[in-house]
Amino acid sequence: MSNLLRPPSLGPIVGHTTDSSARIWIRGADVGDSRTVGIAALYEKNKYINGSASYFRLHREYDRTGIADFENLKADTKYTVRTGSLTIDSTDMDVHVSDINIFDRLPKPDVWVADLEVLPPAESAANFTTFSNQTGDAMSFIFGSCRYPGILWKKKRADVIFDPIYERFQKGTGGKQPRFMIMVGDQIYADMFNKSIPIGLADTEEEFRDRYITAFGSRNMRRLLRSVPHYMILDDHEIEDNWVRGRIKKREKRMLFTIAISAYMSYQWCHCPRNFAKRLYYSFECSGYPFFVTDGRTQRIRDDDDKVLEDNHMLGYPLKDKNNPNYKGQIDILCEWLVEQQKSVGNRPKFIVSASVFVPNNVDTIVKKRKGKTIDNRWKDDSWAAFPETRKQLLKTIVEKNVQNVVFLSGDIHCSNVAEMSFHHKQKGRLPLKAFSITSSALYWPFPFADGEPNDYVHDSKKEDDGFDINGDVTLHYKARDFEQDDNFIQVNIGPTTIMAETFNKKGESIKKSNLKLA
C-alpha cells in the first residue's frame, strides 16, 4: 500500500466551536479515483498534544470533504490544528469500505506529525480560540452576507473585504474581541446574472464545485476561514435566485436542487452544528448568548407568482395537531426554543439568524387603498412580508410568552441598517417588550444601482402605515435607521444594557455606530 500526504486542496475551515470543542473542515487533495483520508493534529503553544492526531474520511460522494472533531479542550485557549490529505491505494471505487477497515490498515496517526509540520501552513494549518466558559456581560462577533464572485478582472475585488475582517479579529481586546463570524447567506452565487440567463449559471456538480473553490480558495477569505470559528447558512443564490420549494415540482429544478444542496452540505453545513439531525437549521451559544440559525430557503413553502399569502410558510409547515407533537415544523421548534431561552437566560439577547430580512419591509409591500381598491403587492416580495402566517406565529410567541430582546441578524438586501421594534396594545398602549433587527450589506456587490437603495425600505412603520397585526390586540411597529448601501460588514458588541452594531467598510474603516438599548 502506497501513502502520500498532501496539503488540503481547500481549507482548513474552523467550524462549530464551544468552550471545550472545535470542528475543523478540509477538502482533500484531487487524486483521481484513489481513496483519501484526512489527518489532523492539535497543537497548543506550537507544541503537539500527544495522542491528538486522528484520521477522518474524505468521501468521494461528499466531494472529498470531511471534518475532524476535537473535544475535551480548555476554555478560552488558543490552539493550532495541522491538517493533511492522505492518499491510499484504491480497490473498486464502487465497493463500500467502512472507516474502521480503512483506518485499521494505516499506521498510528501520530507517525504523520512530522510530515504535517512541513506542509505549507497557509494551506494546511488552522488557528482558533475556544469560547469562554464564563457567562459574562460582554461578547462580540462579526457577520456579513452576499459575496458576489466578480466578473473577469474584477474577481479580486470580491476578496478585498476579508482582509479587514481578519484584521478586526486580530485587533479586538476584552469584550470587543470578536469570537466568531456568521455568514448569513449567498456565500456563493450559483447564478451570476439571472436564473433565466444560462451564462454563468451553475447546474452541474463540477460547476458548483468550482463556485465553492473559487470563493473559499481566494487568498483573503481562505486565511479568514482558517483563523476564526465560522457559522454559515444558505440563501437563494446557493441554489437559484429567489428559490422557493414549489420549483421542485419541475424535473429540471429538482435535479438542480439535489446538486446544489449536496454541494452546500459538503462545503458549508457539515462544519456547522448538527443538533437537529440532517435539518439545515441549528442552534449554538457563546458566553451564555443563544443563537438559532434558521433555514428559510429549503423550507420556504410557496409557488412562484402565487398571490395567496395565507398558505406561504417561511420555515416549513407548522404543527397541524397539537395533540400529536411528533410532527413539529421548524417554526414550532424556533418558538419553543425562544420560550426555553427566556426561561434559561432571562432578558439576555436571543439571536435569530435569518438570511431574509425580518424588518424593515420594502415600501412596495405596504398594503394601500386607492379608489376603493386594495393594492397588496406583498406576494412579489422575497422577505418576511410575503409570509405573514410565519411572522405572526413567531411574534405571537414573543408577545404572549414575554420573550425579551430578540435580535434578528439578516443580509440579502445589500443595504445594512438597524431597526428597533415595539409592541402596541389597543388598550394598554406600548408594551414593555423590545426586539431588534440588524441587517448587513453585501460583502461584495458591484451593482449598487440595481438594488439596495435606502429609500426602498420603510423607515418608520407608523408614519408609513406598515404596522403588523399580531393577534387582534397587539400591533408591531418599528423604526429603521443607519442605512448603508456600500460593501460592509458589521461587528456586534454586546454589553450589559446595550448592543452596539458597528459598521465597517471594505477598507476596514468604521463608518457607523448604532446603539440599541436593551429592555
# chains A, B, ... in the order shown; residues from 1 in each chain; ligands from 1
call {"tool": "residues_around", "arguments": {"residues": "region 207-213 of chain A", "least_positions_apart": "3", "cutoff": "8 Å", "atoms": "only C-alpha atoms", "output": "PDB file with N, CA and C atoms, in the first residue's frame"}}
result
ATOM      1  N   LEU A  10      -8.490  22.560  -0.313  1.00  0.00           N
ATOM      2  CA  LEU A  10      -9.269  23.704   0.160  1.00  0.00           C
ATOM      3  C   LEU A  10      -9.394  23.599   1.672  1.00  0.00           C
ATOM      4  N   ILE A 188     -21.914  31.848  -2.054  1.00  0.00           N
ATOM      5  CA  ILE A 188     -21.607  31.699  -3.477  1.00  0.00           C
ATOM      6  C   ILE A 188     -22.805  32.215  -4.267  1.00  0.00           C
ATOM      7  N   TYR A 189     -22.584  32.475  -5.539  1.00  0.00           N
ATOM      8  CA  TYR A 189     -23.667  32.822  -6.461  1.00  0.00           C
ATOM      9  C   TYR A 189     -23.683  31.761  -7.554  1.00  0.00           C
ATOM     10  N   ALA A 190     -24.610  30.800  -7.403  1.00  0.00           N
ATOM     11  CA  ALA A 190     -24.742  29.766  -8.429  1.00  0.00           C
ATOM     12  C   ALA A 190     -25.212  30.371  -9.742  1.00  0.00           C
ATOM     13  N   ALA A 202     -24.646  27.847 -12.682  1.00  0.00           N
ATOM     14  CA  ALA A 202     -24.163  26.530 -12.248  1.00  0.00           C
ATOM     15  C   ALA A 202     -25.328  25.554 -12.193  1.00  0.00           C
ATOM     16  N   ASP A 203     -25.196  24.435 -12.892  1.00  0.00           N
ATOM     17  CA  ASP A 203     -26.230  23.404 -12.813  1.00  0.00           C
ATOM     18  C   ASP A 203     -25.646  21.994 -12.902  1.00  0.00           C
ATOM     19  N   THR A 204     -24.340  21.866 -12.693  1.00  0.00           N
ATOM     20  CA  THR A 204     -23.693  20.555 -12.643  1.00  0.00           C
ATOM     21  C   THR A 204     -22.832  20.486 -11.386  1.00  0.00           C
ATOM     22  N   PHE A 216     -14.078  30.070  -1.549  1.00  0.00           N
ATOM     23  CA  PHE A 216     -13.387  29.709  -0.307  1.00  0.00           C
ATOM     24  C   PHE A 216     -11.875  29.603  -0.488  1.00  0.00           C
ATOM     25  N   GLY A 217     -11.426  29.531  -1.738  1.00  0.00           N
ATOM     26  CA  GLY A 217     -10.000  29.416  -2.006  1.00  0.00           C
ATOM     27  C   GLY A 217      -9.323  30.738  -2.299  1.00  0.00           C
ATOM     28  N   SER A 218     -10.077  31.840  -2.373  1.00  0.00           N
ATOM     29  CA  SER A 218      -9.459  33.140  -2.615  1.00  0.00           C
ATOM     30  C   SER A 218      -8.564  33.494  -1.424  1.00  0.00           C
ATOM     31  N   ILE A 259     -28.335  18.749  -6.661  1.00  0.00           N
ATOM     32  CA  ILE A 259     -26.905  19.047  -6.831  1.00  0.00           C
ATOM     33  C   ILE A 259     -26.484  20.195  -5.915  1.00  0.00           C
ATOM     34  N   ALA A 260     -27.295  21.260  -5.871  1.00  0.00           N
ATOM     35  CA  ALA A 260     -26.945  22.442  -5.084  1.00  0.00           C
ATOM     36  C   ALA A 260     -26.886  22.133  -3.594  1.00  0.00           C
ATOM     37  N   ALA A 263     -23.854  20.034  -2.622  1.00  0.00           N
ATOM     38  CA  ALA A 263     -22.660  20.878  -2.522  1.00  0.00           C
ATOM     39  C   ALA A 263     -22.704  21.724  -1.259  1.00  0.00           C
ATOM     40  N   TYR A 267     -19.834  21.662   1.687  1.00  0.00           N
ATOM     41  CA  TYR A 267     -18.931  22.796   1.853  1.00  0.00           C
ATOM     42  C   TYR A 267     -19.314  23.750   2.985  1.00  0.00           C
TER      43      TYR A 267
END
call {"tool": "residues_around", "arguments": {"residues": "Ile142 (chain A)", "least_positions_apart": "6", "cutoff": "9 Å", "atoms": "only C-alpha atoms", "output": "list of chain:residue names"}}
result
A:Ile165, A:Arg168, A:Phe169, A:Pro178, A:Arg179, A:Phe180, A:Met181, A:Ile182, A:Met183, A:Phe489, A:Ile490, A:Gln491, A:Val492, A:Asn493
call {"tool": "residues_around", "arguments": {"residues": "Asp303 (chain A)", "least_positions_apart": "5", "cutoff": "9 Å", "atoms": "only C-alpha atoms", "output": "VMD selection string"}}
result
chain A and resid 244 to 247 312
call {"tool": "write_last_selection", "arguments": {"atoms": "C-alpha atoms", "output": "compact mmCIF listing (two decimals), in the first residue's frame"}}
result
# COMPACT_ATOMS: atom_id res chain seq x y z
CA VAL A 244 -38.92 28.51 -3.40
CA ARG A 245 -39.79 24.89 -2.71
CA GLY A 246 -42.57 24.90 -5.28
CA ARG A 247 -39.98 24.75 -8.09
CA ASN A 312 -46.97 30.68 2.40
call {"tool": "residues_around", "arguments": {"residues": "Thr365 (chain A)", "least_positions_apart": "3", "cutoff": "10 Å", "atoms": "only C-alpha atoms", "output": "ChimeraX atom specification"}}
result
/A:361-362,368,375-381,383,385-386,457-458,466
call {"tool": "write_last_selection", "arguments": {"atoms": "C-alpha atoms", "output": "CSV table (one decimal), in the first residue's frame"}}
result
chain,number,residue,atom,x,y,z
A,361,ASN,CA,-40.1,45.9,4.8
A,362,ASN,CA,-39.7,47.1,1.2
A,368,LYS,CA,-52.6,50.5,0.2
A,375,ILE,CA,-53.4,47.1,-3.6
A,376,ASP,CA,-51.4,44.3,-2.0
A,377,ASN,CA,-48.0,43.5,-3.6
A,378,ARG,CA,-46.6,41.5,-0.7
A,379,TRP,CA,-46.7,38.4,-2.9
A,380,LYS,CA,-43.9,39.8,-5.0
A,381,ASP,CA,-41.5,40.1,-2.1
A,383,SER,CA,-38.6,38.6,2.6
A,385,ALA,CA,-43.6,40.4,4.3
A,386,ALA,CA,-44.7,37.6,1.9
A,457,TYR,CA,-37.4,50.5,2.7
A,458,VAL,CA,-39.8,51.6,5.4
A,466,ASP,CA,-46.8,49.5,7.8
call {"tool": "select_by_dssp", "arguments": {"residues": "region 98-316 of chain A", "states": "alpha helix (DSSP H)", "output": "ChimeraX atom specification"}}
result
/A:99-104,113-116,121-124,162-171,205-216,219-225,251-267
call {"tool": "closest_atom_pairs", "arguments": {"of": "region 121-222 of chain A", "to": "region 284-287 of chain A", "cutoff": "10 Å", "atoms": "only C-alpha atoms", "output": "JSON lines"}}
result
{"residue": "A:Thr130", "atom": "CA", "partner": "A:Cys286", "partner_atom": "CA", "distance": 9.9}
{"residue": "A:Phe131", "atom": "CA", "partner": "A:Cys286", "partner_atom": "CA", "distance": 6.5}
{"residue": "A:Ser132", "atom": "CA", "partner": "A:Ser287", "partner_atom": "CA", "distance": 6.0}
{"residue": "A:Asn133", "atom": "CA", "partner": "A:Ser287", "partner_atom": "CA", "distance": 6.3}
{"residue": "A:Gln134", "atom": "CA", "partner": "A:Ser287", "partner_atom": "CA", "distance": 5.9}
{"residue": "A:Thr135", "atom": "CA", "partner": "A:Ser287", "partner_atom": "CA", "distance": 4.8}
{"residue": "A:Gly136", "atom": "CA", "partner": "A:Ser287", "partner_atom": "CA", "distance": 6.4}
{"residue": "A:Asp137", "atom": "CA", "partner": "A:Ser287", "partner_atom": "CA", "distance": 8.5}
{"residue": "A:Ala138", "atom": "CA", "partner": "A:Ser287", "partner_atom": "CA", "distance": 8.5}
{"residue": "A:Met139", "atom": "CA", "partner": "A:Ser287", "partner_atom": "CA", "distance": 7.1}
{"residue": "A:Ser140", "atom": "CA", "partner": "A:Cys286", "partner_atom": "CA", "distance": 9.6}
{"residue": "A:Phe141", "atom": "CA", "partner": "A:Cys286", "partner_atom": "CA", "distance": 9.8}
{"residue": "A:Arg179", "atom": "CA", "partner": "A:Cys286", "partner_atom": "CA", "distance": 8.3}
{"residue": "A:Phe180", "atom": "CA", "partner": "A:Cys286", "partner_atom": "CA", "distance": 9.1}
call {"tool": "write_last_selection", "arguments": {"atoms": "C-alpha atoms", "output": "compact mmCIF listing (two decimals), in the first residue's frame"}}
result
# COMPACT_ATOMS: atom_id res chain seq x y z
CA THR A 130 -12.13 28.16 22.19
CA PHE A 131 -15.06 30.05 23.66
CA SER A 132 -15.07 31.23 27.25
CA ASN A 133 -16.93 29.13 29.79
CA GLN A 134 -17.86 32.30 31.69
CA THR A 135 -21.26 33.90 31.26
CA GLY A 136 -20.10 37.50 31.07
CA ASP A 137 -21.84 40.70 30.12
CA ALA A 138 -19.62 41.45 27.12
CA MET A 139 -19.32 39.45 23.91
CA SER A 140 -18.59 40.35 20.29
CA PHE A 141 -18.93 38.75 16.86
CA ARG A 179 -15.24 35.39 18.93
CA PHE A 180 -16.69 34.13 15.64
call {"tool": "closest_residue", "arguments": {"among": "A:Lys479, A:Arg57, A:Arg297, A:Lys426", "to": "Arg27 (chain A)", "atoms": "only C-alpha atoms"}}
result
A:Arg57
call {"tool": "select_by_dssp", "arguments": {"residues": "region 243-465 of chain A", "states": "strand (DSSP E)", "output": "MDAnalysis selection string"}}
result
chainID A and resid 275:278 282:286 289:293 350:353 368:370 373:375 406:410 416:425 429:430 435:439 442:444
call {"tool": "write_last_selection", "arguments": {"atoms": "N, CA and C atoms", "output": "short mmCIF file (atom, residue, chain, number, x, y, z; two decimals), in the first residue's frame"}}
result
data_model
loop_
_atom_site.label_atom_id
_atom_site.label_comp_id
_atom_site.auth_asym_id
_atom_site.auth_seq_id
_atom_site.Cartn_x
_atom_site.Cartn_y
_atom_site.Cartn_z
N ASN A 275 -27.54 19.85 15.46
CA ASN A 275 -28.37 19.46 16.61
C ASN A 275 -29.83 19.21 16.25
N PHE A 276 -30.14 19.20 14.96
CA PHE A 276 -31.49 18.82 14.53
C PHE A 276 -31.39 17.79 13.40
N ALA A 277 -30.60 16.73 13.67
CA ALA A 277 -30.38 15.65 12.70
C ALA A 277 -29.85 16.23 11.39
N LYS A 278 -30.49 15.89 10.26
CA LYS A 278 -30.00 16.38 8.97
C LYS A 278 -30.71 17.64 8.49
N TYR A 282 -29.98 25.14 12.85
CA TYR A 282 -29.25 24.67 14.02
C TYR A 282 -29.21 25.78 15.06
N SER A 283 -28.72 25.46 16.23
CA SER A 283 -28.55 26.45 17.29
C SER A 283 -27.18 26.28 17.92
N PHE A 284 -26.70 27.35 18.55
CA PHE A 284 -25.45 27.29 19.30
C PHE A 284 -25.45 28.42 20.31
N GLU A 285 -24.44 28.46 21.17
CA GLU A 285 -24.35 29.56 22.13
C GLU A 285 -22.89 29.90 22.37
N CYS A 286 -22.68 31.14 22.77
CA CYS A 286 -21.34 31.62 23.10
C CYS A 286 -21.45 32.55 24.30
N TYR A 289 -24.86 33.53 25.42
CA TYR A 289 -25.77 34.17 24.46
C TYR A 289 -26.21 33.14 23.44
N PRO A 290 -27.52 32.88 23.32
CA PRO A 290 -28.02 31.83 22.43
C PRO A 290 -28.31 32.34 21.01
N PHE A 291 -28.06 31.46 20.04
CA PHE A 291 -28.30 31.76 18.62
C PHE A 291 -29.10 30.62 18.00
N PHE A 292 -30.09 30.97 17.19
CA PHE A 292 -30.82 29.99 16.37
C PHE A 292 -30.67 30.41 14.92
N VAL A 293 -30.07 29.54 14.12
CA VAL A 293 -29.82 29.83 12.71
C VAL A 293 -30.90 29.14 11.88
N LYS A 350 -31.40 37.25 22.59
CA LYS A 350 -31.53 35.95 21.92
C LYS A 350 -31.50 36.21 20.43
N PHE A 351 -30.55 35.62 19.74
CA PHE A 351 -30.31 35.97 18.34
C PHE A 351 -30.94 34.94 17.40
N ILE A 352 -31.70 35.45 16.43
CA ILE A 352 -32.26 34.63 15.36
C ILE A 352 -31.59 35.04 14.06
N VAL A 353 -30.88 34.10 13.46
CA VAL A 353 -30.23 34.37 12.18
C VAL A 353 -31.20 34.00 11.06
N LYS A 368 -52.02 49.18 0.37
CA LYS A 368 -52.61 50.51 0.16
C LYS A 368 -54.05 50.38 -0.32
N LYS A 369 -54.81 51.43 -0.10
CA LYS A 369 -56.18 51.51 -0.62
C LYS A 369 -56.27 52.72 -1.54
N ARG A 370 -56.69 52.48 -2.77
CA ARG A 370 -56.82 53.56 -3.74
C ARG A 370 -58.13 53.40 -4.50
N LYS A 373 -60.11 50.36 -3.86
CA LYS A 373 -59.47 49.07 -4.13
C LYS A 373 -58.25 48.87 -3.23
N THR A 374 -58.03 47.63 -2.83
CA THR A 374 -56.86 47.29 -2.02
C THR A 374 -55.73 46.84 -2.94
N ILE A 375 -54.60 47.48 -2.78
CA ILE A 375 -53.41 47.12 -3.56
C ILE A 375 -52.43 46.41 -2.63
N VAL A 406 -35.24 39.91 21.56
CA VAL A 406 -34.96 39.06 20.39
C VAL A 406 -34.28 39.94 19.34
N VAL A 407 -33.18 39.44 18.79
CA VAL A 407 -32.42 40.20 17.80
C VAL A 407 -32.31 39.38 16.52
N PHE A 408 -32.84 39.91 15.41
CA PHE A 408 -32.73 39.25 14.11
C PHE A 408 -31.47 39.73 13.41
N LEU A 409 -30.70 38.78 12.88
CA LEU A 409 -29.50 39.08 12.11
C LEU A 409 -29.75 38.64 10.67
N SER A 410 -29.64 39.56 9.72
CA SER A 410 -30.02 39.25 8.34
C SER A 410 -29.06 39.88 7.35
N SER A 416 -27.21 47.73 4.59
CA SER A 416 -27.19 47.50 6.03
C SER A 416 -28.05 48.53 6.75
N ASN A 417 -28.57 48.14 7.90
CA ASN A 417 -29.37 49.03 8.73
C ASN A 417 -29.65 48.36 10.06
N VAL A 418 -30.18 49.14 10.99
CA VAL A 418 -30.68 48.57 12.24
C VAL A 418 -32.12 49.03 12.41
N ALA A 419 -32.89 48.23 13.15
CA ALA A 419 -34.29 48.59 13.41
C ALA A 419 -34.65 48.20 14.83
N GLU A 420 -35.43 49.06 15.47
CA GLU A 420 -35.95 48.78 16.81
C GLU A 420 -37.45 48.55 16.69
N MET A 421 -37.89 47.40 17.22
CA MET A 421 -39.30 47.02 17.14
C MET A 421 -39.99 47.27 18.47
N SER A 422 -41.23 47.73 18.40
CA SER A 422 -42.04 47.97 19.59
C SER A 422 -43.40 47.32 19.41
N PHE A 423 -44.08 47.07 20.52
CA PHE A 423 -45.35 46.34 20.51
C PHE A 423 -46.40 47.19 21.20
N HIS A 424 -47.52 47.41 20.50
CA HIS A 424 -48.53 48.37 20.97
C HIS A 424 -49.88 47.67 21.14
N HIS A 425 -50.40 47.71 22.38
CA HIS A 425 -51.69 47.11 22.71
C HIS A 425 -52.79 48.15 22.56
N GLY A 429 -51.61 50.35 25.53
CA GLY A 429 -50.58 51.19 24.94
C GLY A 429 -49.31 50.39 24.65
N ARG A 430 -48.18 51.05 24.68
CA ARG A 430 -46.92 50.39 24.35
C ARG A 430 -46.53 49.39 25.44
N ALA A 435 -37.65 44.28 20.65
CA ALA A 435 -36.99 43.37 19.71
C ALA A 435 -36.23 44.24 18.72
N PHE A 436 -35.27 43.63 18.04
CA PHE A 436 -34.37 44.39 17.18
C PHE A 436 -34.05 43.61 15.91
N SER A 437 -33.61 44.35 14.92
CA SER A 437 -33.13 43.74 13.68
C SER A 437 -31.83 44.44 13.27
N ILE A 438 -30.82 43.64 12.93
CA ILE A 438 -29.55 44.18 12.41
C ILE A 438 -29.32 43.51 11.07
N THR A 439 -29.19 44.30 10.02
CA THR A 439 -29.03 43.78 8.66
C THR A 439 -27.68 44.24 8.11
N ALA A 442 -23.90 43.91 1.55
CA ALA A 442 -23.14 42.87 0.85
C ALA A 442 -21.66 42.97 1.20
N LEU A 443 -21.01 41.81 1.31
CA LEU A 443 -19.56 41.78 1.43
C LEU A 443 -18.93 42.24 0.12
N TYR A 444 -19.57 41.87 -0.99
CA TYR A 444 -19.17 42.42 -2.30
C TYR A 444 -20.36 42.37 -3.23
#
call {"tool": "atom_distance", "arguments": {"atom1": "CA of His271 (chain A)", "atom2": "CA of Phe70 (chain A)"}}
result
12.4 Å
call {"tool": "residues_around", "arguments": {"residues": "Asn50 (chain A)", "least_positions_apart": "3", "cutoff": "10 Å", "atoms": "only C-alpha atoms", "output": "list in words"}}
result
Ala41, Leu42, Tyr43, Lys47, Ala53, Asp110 and Val113 of chain A
call {"tool": "decode", "arguments": {"residues": "region 120-140 of chain A", "atoms": "N, CA and C atoms", "output": "PDB file, in the first residue's frame"}}
result
ATOM      1  N   PRO A 120       2.784  23.447   3.891  1.00  0.00           N
ATOM      2  CA  PRO A 120       2.640  24.914   3.952  1.00  0.00           C
ATOM      3  C   PRO A 120       1.518  25.323   4.913  1.00  0.00           C
ATOM      4  N   PRO A 121       1.799  26.106   5.946  1.00  0.00           N
ATOM      5  CA  PRO A 121       0.761  26.478   6.919  1.00  0.00           C
ATOM      6  C   PRO A 121      -0.431  27.194   6.292  1.00  0.00           C
ATOM      7  N   ALA A 122      -0.190  28.022   5.259  1.00  0.00           N
ATOM      8  CA  ALA A 122      -1.291  28.764   4.632  1.00  0.00           C
ATOM      9  C   ALA A 122      -2.285  27.835   3.948  1.00  0.00           C
ATOM     10  N   GLU A 123      -1.875  26.595   3.686  1.00  0.00           N
ATOM     11  CA  GLU A 123      -2.746  25.630   3.021  1.00  0.00           C
ATOM     12  C   GLU A 123      -3.210  24.514   3.950  1.00  0.00           C
ATOM     13  N   SER A 124      -2.656  24.430   5.157  1.00  0.00           N
ATOM     14  CA  SER A 124      -2.938  23.250   5.969  1.00  0.00           C
ATOM     15  C   SER A 124      -3.170  23.507   7.445  1.00  0.00           C
ATOM     16  N   ALA A 125      -2.864  24.709   7.960  1.00  0.00           N
ATOM     17  CA  ALA A 125      -2.968  24.960   9.395  1.00  0.00           C
ATOM     18  C   ALA A 125      -4.140  25.874   9.720  1.00  0.00           C
ATOM     19  N   ALA A 126      -4.870  25.521  10.768  1.00  0.00           N
ATOM     20  CA  ALA A 126      -5.977  26.338  11.259  1.00  0.00           C
ATOM     21  C   ALA A 126      -5.657  26.814  12.666  1.00  0.00           C
ATOM     22  N   ASN A 127      -6.085  28.026  12.984  1.00  0.00           N
ATOM     23  CA  ASN A 127      -5.883  28.596  14.319  1.00  0.00           C
ATOM     24  C   ASN A 127      -7.222  29.056  14.873  1.00  0.00           C
ATOM     25  N   PHE A 128      -7.442  28.823  16.145  1.00  0.00           N
ATOM     26  CA  PHE A 128      -8.706  29.248  16.743  1.00  0.00           C
ATOM     27  C   PHE A 128      -8.530  29.386  18.246  1.00  0.00           C
ATOM     28  N   THR A 129      -9.472  30.079  18.857  1.00  0.00           N
ATOM     29  CA  THR A 129      -9.545  30.184  20.311  1.00  0.00           C
ATOM     30  C   THR A 129     -10.883  29.628  20.753  1.00  0.00           C
ATOM     31  N   THR A 130     -10.873  28.698  21.673  1.00  0.00           N
ATOM     32  CA  THR A 130     -12.126  28.156  22.192  1.00  0.00           C
ATOM     33  C   THR A 130     -12.907  29.255  22.907  1.00  0.00           C
ATOM     34  N   PHE A 131     -14.220  29.067  22.992  1.00  0.00           N
ATOM     35  CA  PHE A 131     -15.064  30.052  23.656  1.00  0.00           C
ATOM     36  C   PHE A 131     -14.812  30.055  25.165  1.00  0.00           C
ATOM     37  N   SER A 132     -15.161  31.142  25.793  1.00  0.00           N
ATOM     38  CA  SER A 132     -15.067  31.232  27.248  1.00  0.00           C
ATOM     39  C   SER A 132     -16.173  30.401  27.892  1.00  0.00           C
ATOM     40  N   ASN A 133     -15.895  29.863  29.049  1.00  0.00           N
ATOM     41  CA  ASN A 133     -16.931  29.135  29.793  1.00  0.00           C
ATOM     42  C   ASN A 133     -17.582  30.029  30.841  1.00  0.00           C
ATOM     43  N   GLN A 134     -17.262  31.331  30.773  1.00  0.00           N
ATOM     44  CA  GLN A 134     -17.860  32.297  31.693  1.00  0.00           C
ATOM     45  C   GLN A 134     -19.050  32.987  31.012  1.00  0.00           C
ATOM     46  N   THR A 135     -20.098  33.179  31.769  1.00  0.00           N
ATOM     47  CA  THR A 135     -21.261  33.902  31.264  1.00  0.00           C
ATOM     48  C   THR A 135     -21.097  35.369  31.632  1.00  0.00           C
ATOM     49  N   GLY A 136     -20.384  36.102  30.778  1.00  0.00           N
ATOM     50  CA  GLY A 136     -20.097  37.497  31.073  1.00  0.00           C
ATOM     51  C   GLY A 136     -21.089  38.433  30.413  1.00  0.00           C
ATOM     52  N   ASP A 137     -20.955  39.699  30.703  1.00  0.00           N
ATOM     53  CA  ASP A 137     -21.839  40.697  30.119  1.00  0.00           C
ATOM     54  C   ASP A 137     -21.424  41.065  28.697  1.00  0.00           C
ATOM     55  N   ALA A 138     -20.130  40.973  28.399  1.00  0.00           N
ATOM     56  CA  ALA A 138     -19.619  41.449  27.116  1.00  0.00           C
ATOM     57  C   ALA A 138     -19.285  40.278  26.193  1.00  0.00           C
ATOM     58  N   MET A 139     -19.664  40.435  24.933  1.00  0.00           N
ATOM     59  CA  MET A 139     -19.315  39.455  23.906  1.00  0.00           C
ATOM     60  C   MET A 139     -19.427  40.127  22.559  1.00  0.00           C
ATOM     61  N   SER A 140     -18.611  39.692  21.600  1.00  0.00           N
ATOM     62  CA  SER A 140     -18.593  40.346  20.293  1.00  0.00           C
ATOM     63  C   SER A 140     -18.456  39.303  19.195  1.00  0.00           C
TER      64      SER A 140
END
